[in-house]
>>> print(open('data28.cif').read())   # mmCIF, C-alpha atoms
data_my_file
loop_
_atom_site.label_atom_id
_atom_site.label_comp_id
_atom_site.auth_asym_id
_atom_site.auth_seq_id
_atom_site.Cartn_x
_atom_site.Cartn_y
_atom_site.Cartn_z
CA MET S 1 -5.76 -23.45 40.77
CA ALA S 2 -6.75 -21.23 43.64
CA LEU S 3 -4.97 -17.92 43.84
CA ASP S 4 -2.55 -17.37 46.66
CA LYS S 5 -4.09 -14.67 48.85
CA PRO S 6 -1.57 -13.58 51.47
CA TYR S 7 -3.88 -10.68 52.41
CA GLN S 8 -6.32 -13.06 54.06
CA ASP S 9 -3.83 -13.03 56.90
CA ILE S 10 -4.93 -9.53 57.97
CA PRO S 11 -6.97 -9.61 61.18
CA GLY S 12 -10.19 -7.70 61.60
CA THR S 13 -11.18 -7.19 58.00
CA ILE S 14 -12.13 -8.91 54.79
CA ILE S 15 -10.45 -7.75 51.64
CA PHE S 16 -12.92 -7.06 48.86
CA ASP S 17 -11.35 -8.87 45.95
CA ALA S 18 -12.74 -10.29 42.70
CA ASP S 19 -14.08 -13.42 44.41
CA GLN S 20 -15.86 -11.39 47.08
CA SER S 21 -17.20 -9.05 44.42
CA ARG S 22 -18.70 -11.95 42.51
CA LYS S 23 -20.20 -13.44 45.66
CA GLY S 24 -21.67 -10.13 46.75
CA TYR S 25 -22.83 -8.76 43.42
CA HIS S 26 -26.58 -8.81 44.12
CA LEU S 27 -26.15 -7.85 47.77
CA ASN S 28 -24.19 -4.78 46.71
CA GLN S 29 -26.60 -3.94 43.88
CA PHE S 30 -29.46 -4.15 46.39
CA CYS S 31 -27.55 -1.61 48.50
CA MET S 32 -27.20 0.70 45.50
CA SER S 33 -30.97 0.58 45.00
CA LEU S 34 -31.29 2.30 48.39
CA MET S 35 -29.90 5.47 46.85
CA LYS S 36 -33.46 6.20 45.72
CA ALA S 37 -35.77 7.59 48.39
CA GLU S 38 -38.77 5.62 47.13
CA ASN S 39 -36.81 2.37 47.35
CA ARG S 40 -35.76 3.18 50.91
CA GLU S 41 -39.40 3.66 51.80
CA ARG S 42 -40.41 0.37 50.23
CA PHE S 43 -37.54 -1.43 51.96
CA LYS S 44 -38.41 -0.02 55.37
CA LEU S 45 -42.07 -0.88 54.92
CA ASP S 46 -41.33 -4.57 54.39
CA GLN S 47 -37.65 -5.46 54.45
CA ARG S 48 -38.15 -9.15 53.75
CA ALA S 49 -40.38 -8.53 50.74
CA TYR S 50 -37.95 -6.01 49.31
CA LEU S 51 -35.00 -8.37 49.79
CA ASN S 52 -36.92 -11.18 48.12
CA GLU S 53 -36.91 -9.15 44.94
CA TRP S 54 -33.15 -9.70 44.76
CA PRO S 55 -31.39 -12.97 43.87
CA MET S 56 -29.42 -12.89 47.11
CA SER S 57 -28.65 -15.88 49.32
CA GLU S 58 -30.76 -16.38 52.43
CA GLU S 59 -27.61 -15.79 54.50
CA GLN S 60 -27.06 -12.43 52.84
CA LYS S 61 -30.69 -11.47 53.47
CA GLN S 62 -30.34 -12.43 57.13
CA ALA S 63 -27.20 -10.33 57.45
CA VAL S 64 -29.13 -7.34 56.10
CA LEU S 65 -32.18 -7.96 58.29
CA THR S 66 -30.06 -8.20 61.44
CA MET S 67 -27.73 -5.36 60.31
CA ASP S 68 -24.74 -7.63 60.81
CA LEU S 69 -22.26 -5.73 58.68
CA ASN S 70 -19.36 -8.07 59.41
CA ARG S 71 -21.41 -11.00 58.20
CA ALA S 72 -22.50 -9.02 55.15
CA MET S 73 -18.86 -8.32 54.35
CA ALA S 74 -17.94 -11.99 54.71
CA LEU S 75 -20.74 -12.75 52.25
CA GLY S 76 -19.35 -10.41 49.60
CA GLY S 77 -20.64 -7.03 50.73
CA ASN S 78 -18.44 -4.00 50.38
CA ILE S 79 -18.66 -1.33 53.03
CA TYR S 80 -19.14 1.49 50.51
CA PHE S 81 -22.31 -0.24 49.40
CA LEU S 82 -23.37 -1.58 52.81
CA ALA S 83 -23.23 1.93 54.27
CA LYS S 84 -26.40 2.68 52.34
CA ILE S 85 -28.34 0.20 54.49
CA GLY S 86 -27.19 1.96 57.64
CA ALA S 87 -28.06 5.33 56.13
CA THR S 88 -31.52 4.01 55.31
CA HIS S 89 -31.95 3.18 58.99
CA GLY S 90 -30.66 6.62 59.95
CA LEU S 91 -27.36 5.38 61.35
CA SER S 92 -24.23 7.48 61.05
CA PHE S 93 -21.18 5.89 59.53
CA GLN S 94 -19.52 6.06 62.91
CA GLN S 95 -22.35 4.05 64.45
CA MET S 96 -22.03 1.49 61.67
CA ALA S 97 -18.27 1.21 62.08
CA GLY S 98 -18.68 0.98 65.84
CA SER S 99 -21.23 -1.81 65.44
CA MET S 100 -18.67 -3.84 63.51
CA THR S 101 -16.27 -3.80 66.44
CA GLY S 102 -18.64 -4.29 69.35
CA MET S 103 -17.68 -0.83 70.60
CA SER S 104 -20.26 1.78 71.45
CA GLU S 105 -20.23 4.90 69.31
CA GLU S 106 -18.45 6.74 72.15
CA GLU S 107 -15.81 4.05 72.54
CA TYR S 108 -15.18 4.04 68.82
CA ARG S 109 -14.88 7.83 68.75
CA ALA S 110 -12.45 7.74 71.65
CA MET S 111 -10.29 5.24 69.81
CA MET S 112 -10.27 7.41 66.70
CA LEU S 113 -9.41 10.51 68.73
CA ALA S 114 -6.51 8.66 70.26
CA GLY S 115 -5.06 8.12 66.80
CA GLY S 116 -7.04 5.11 65.64
CA ARG S 117 -6.40 1.44 66.07
CA SER S 118 -2.82 0.53 66.83
CA ILE S 119 -1.05 -1.56 64.23
CA GLU S 120 0.85 -3.32 67.02
CA GLY S 121 -0.35 -6.89 67.29
CA ASN S 122 -2.64 -6.39 64.32
CA ARG S 123 -0.32 -6.98 61.38
CA HIS S 124 -1.03 -10.67 60.99
CA LEU S 125 -3.41 -13.28 62.31
CA GLY S 126 -1.97 -15.04 65.31
CA GLU S 127 -0.72 -11.93 67.11
CA ASP S 128 -2.42 -10.46 70.14
CA GLY S 129 -3.78 -7.07 69.03
CA SER S 130 -7.30 -5.71 69.52
CA ALA S 131 -8.49 -6.69 66.04
CA GLN S 132 -7.58 -10.36 66.44
CA PRO S 133 -10.44 -12.89 66.37
CA GLN S 134 -9.79 -13.95 69.98
CA HIS S 135 -10.55 -10.39 71.14
CA GLN S 136 -13.95 -10.03 69.47
CA PRO S 137 -16.26 -8.39 70.16
CA GLN S 138 -14.40 -5.40 71.50
CA GLY S 139 -15.57 -2.62 73.81
CA GLN S 140 -18.94 -2.65 75.47
CA ALA S 141 -20.20 -5.78 73.72
CA GLY S 142 -17.06 -7.70 74.71
CA ARG S 143 -17.41 -6.75 78.36
CA LYS S 144 -21.04 -7.81 78.47
CA GLY S 145 -20.00 -11.30 77.40
CA ASN S 146 -17.60 -11.63 80.33
CA MET Q 1 1.07 27.49 28.91
CA ALA Q 2 -0.89 26.41 31.98
CA ARG Q 3 0.85 26.41 35.30
CA ILE Q 4 0.01 24.18 38.21
CA THR Q 5 -0.27 26.59 41.11
CA ALA Q 6 -1.17 24.31 43.96
CA SER Q 7 -2.19 20.88 45.05
CA VAL Q 8 -4.60 20.75 47.99
CA TYR Q 9 -5.82 17.69 49.83
CA THR Q 10 -8.25 16.70 52.52
CA SER Q 11 -9.28 13.58 54.35
CA HIS Q 12 -12.58 12.44 52.93
CA VAL Q 13 -14.32 10.28 55.52
CA PRO Q 14 -18.10 10.57 55.08
CA ALA Q 15 -18.52 11.64 58.70
CA ILE Q 16 -16.90 15.01 57.91
CA GLY Q 17 -19.70 15.95 55.52
CA ALA Q 18 -22.28 14.70 57.98
CA ALA Q 19 -20.73 16.80 60.76
CA ILE Q 20 -21.07 19.92 58.59
CA ASP Q 21 -24.65 19.11 57.62
CA LEU Q 22 -25.67 18.45 61.22
CA GLY Q 23 -23.99 21.59 62.56
CA LYS Q 24 -21.45 19.68 64.64
CA THR Q 25 -18.31 21.46 63.48
CA GLN Q 26 -17.84 23.29 66.77
CA GLU Q 27 -18.30 20.25 68.98
CA PRO Q 28 -15.14 19.34 70.90
CA TYR Q 29 -14.77 16.11 68.97
CA TRP Q 30 -14.82 17.85 65.60
CA GLN Q 31 -13.32 21.21 66.45
CA PRO Q 32 -9.65 20.28 65.97
CA LEU Q 33 -10.39 18.87 62.54
CA PHE Q 34 -12.37 21.85 61.29
CA LYS Q 35 -9.84 24.24 62.76
CA GLY Q 36 -7.33 22.60 60.48
CA TYR Q 37 -9.33 23.70 57.45
CA GLU Q 38 -9.19 27.40 58.37
CA PHE Q 39 -5.70 27.92 57.02
CA SER Q 40 -6.45 26.13 53.75
CA LYS Q 41 -9.73 27.98 53.26
CA GLN Q 42 -8.02 31.32 53.63
CA TRP Q 43 -5.11 30.29 51.47
CA MET Q 44 -7.42 29.17 48.69
CA LYS Q 45 -9.33 32.47 48.90
CA ASP Q 46 -6.06 34.32 48.51
CA ASN Q 47 -4.80 32.11 45.70
CA LYS Q 48 -7.72 31.51 43.41
CA PRO Q 49 -6.86 29.39 40.39
CA ASP Q 50 -8.51 29.70 36.97
CA VAL Q 51 -9.30 26.02 36.81
CA ILE Q 52 -9.64 23.32 39.43
CA PHE Q 53 -9.14 19.65 38.73
CA LEU Q 54 -11.05 17.92 41.46
CA VAL Q 55 -9.98 14.34 42.05
CA TYR Q 56 -11.95 12.09 44.36
CA ASN Q 57 -12.83 8.48 44.85
CA ASP Q 58 -16.32 7.27 44.21
CA HIS Q 59 -17.86 5.90 47.40
CA ALA Q 60 -20.18 3.72 45.36
CA THR Q 61 -22.22 6.74 44.45
CA ALA Q 62 -21.90 7.42 40.72
CA PHE Q 63 -20.91 3.85 39.91
CA SER Q 64 -22.36 0.52 40.98
CA LEU Q 65 -20.87 -2.93 40.41
CA ASP Q 66 -22.42 -2.80 36.94
CA MET Q 67 -19.40 -0.87 35.85
CA ILE Q 68 -16.52 0.51 37.88
CA PRO Q 69 -13.83 2.23 35.84
CA THR Q 70 -10.45 2.64 37.46
CA PHE Q 71 -10.43 6.24 36.31
CA ALA Q 72 -13.25 8.34 34.90
CA ILE Q 73 -13.24 11.94 33.80
CA GLY Q 74 -16.42 13.90 34.43
CA THR Q 75 -17.11 16.41 31.69
CA ALA Q 76 -20.67 17.57 32.40
CA ALA Q 77 -21.38 21.19 33.26
CA GLU Q 78 -22.90 20.11 36.53
CA PHE Q 79 -23.04 17.08 38.79
CA THR Q 80 -25.81 16.76 41.33
CA PRO Q 81 -24.88 15.61 44.84
CA ALA Q 82 -25.36 11.88 45.33
CA ASP Q 83 -27.99 10.48 47.63
CA GLU Q 84 -26.01 8.00 49.71
CA GLY Q 85 -29.03 7.02 51.72
CA PHE Q 86 -29.41 10.11 53.90
CA GLY Q 87 -30.78 12.17 51.01
CA PRO Q 88 -28.58 14.36 48.81
CA ARG Q 89 -26.24 16.60 50.81
CA PRO Q 90 -27.26 20.25 50.89
CA VAL Q 91 -24.15 21.48 49.11
CA PRO Q 92 -24.30 24.42 46.72
CA THR Q 93 -24.91 23.46 43.11
CA ARG Q 94 -24.12 25.68 40.23
CA THR Q 95 -24.03 25.29 36.50
CA TRP Q 96 -21.09 26.92 34.85
CA PRO Q 97 -22.01 28.28 31.45
CA ALA Q 98 -19.64 27.65 28.58
CA THR Q 99 -19.44 31.38 27.93
CA SER Q 100 -18.93 34.20 30.40
CA PRO Q 101 -21.80 34.54 32.85
CA THR Q 102 -24.26 37.32 32.23
CA ARG Q 103 -26.47 38.73 34.93
#
>>> encode(input="data28.cif", output="structure tokens")
Amino acid sequence: MALDKPYQDIPGTIIFDADQSRKGYHLNQFCMSLMKAENRERFKLDQRAYLNEWPMSEEQKQAVLTMDLNRAMALGGNIYFLAKIGATHGLSFQQMAGSMTGMSEEEYRAMMLAGGRSIEGNRHLGEDGSAQPQHQPQGQAGRKGN
Amino acid sequence: MARITASVYTSHVPAIGAAIDLGKTQEPYWQPLFKGYEFSKQWMKDNKPDVIFLVYNDHATAFSLDMIPTFAIGTAAEFTPADEGFGPRPVPTRTWPATSPTR
């Protein structure tokens, strides 16, 4: 019987639970391999070849190649691990977090300075806060689409 | 009998360490945060304990999904800074000898 997961009702994030961990095992282990400088070099030299050394799904590989961190999280990635990919590309954590919202680094910083994302409208799916699916992407990327 | 003299905390977002390493602590964005450390730094200088128990969460640095204990106690004399992808942070490292240091 499937577990009841009331936390899937939280907008704007994916909770890393046992099922996600199982799904993302190799993706996350690949990320850990990037903690060695020589592996980072090999990865940057030929990302596809390096990824092919890991028993990851093609979807997971695509998420890495396109640096789509939201997609990577949906496919079992955990941000603590995924951050190593961004670091390998020389991105700050702020840039990575910003990229997951659609906000520019500046927009993301401004939001954090203002106290972070408001909980109002973001407690459950179906409300109208900034993290809700109907308001994605946020910031700069969202405006470009309009 | 040991006495707990203090309990000191800090936010631990990775960007704080990066801001120190990249010399950004005086930038307007970071200044308020680092200003907040001044009091604690001075207080800790004035109230040096004999022993520090440092508690932190592992940002997927020492442990991978191979094995993640809920709690782990580090007992080595020294731990090298992790390389989280940017290279190891240039923090001071020091091995504490089991006996009193000699110079």
>>> atom_distance(input="data28.cif", atom1="atom CA of Ser92 of chain S", atom2="atom CA of Glu106 of chain S")
12.5 Å
>>> interface_residues(input="data28.cif", of="chain Q", to="chain S", cutoff="10 Å", atoms="all atoms listed in the file", output="PyMOL selection string")
chain Q and resi 13-15+18-19+29-30+58-66+82-88
>>> atom_distance(input="data28.cif", atom1="atom CA of Arg94 of chain Q", atom2="atom CA of Glu78 of chain Q")
6.8 Å
>>> atom_distance(input="data28.cif", atom1="atom CA of Phe79 of chain Q", atom2="atom CA of Lys45 of chain Q")
23.0 Å
>>> closest_residue(input="data28.cif", among="Q:Pro81, Q:Gly74, Q:Val91, Q:Pro49", to="Ser7 of chain Q", atoms="all atoms listed in the file")
Q:Pro49
>>> residues_around(input="data28.cif", residues="Asp21 of chain Q", least_positions_apart="3", cutoff="8 Å", atoms="all atoms listed in the file", output="ChimeraX atom specification")
/Q:17-18,24,89-90
>>> residues_around(input="data28.cif", residues="Gly142 of chain S", least_positions_apart="5", cutoff="7 Å", atoms="only C-alpha atoms", output="ChimeraX atom specification")
/S:102,136-137
>>> residues_around(input="data28.cif", residues="segment 56-63 of chain S", least_positions_apart="2", cutoff="9 Å", atoms="all atoms listed in the file", output="VMD selection string")
chain S and resid 24 to 27 30 48 51 to 54 65 to 72 75 to 77
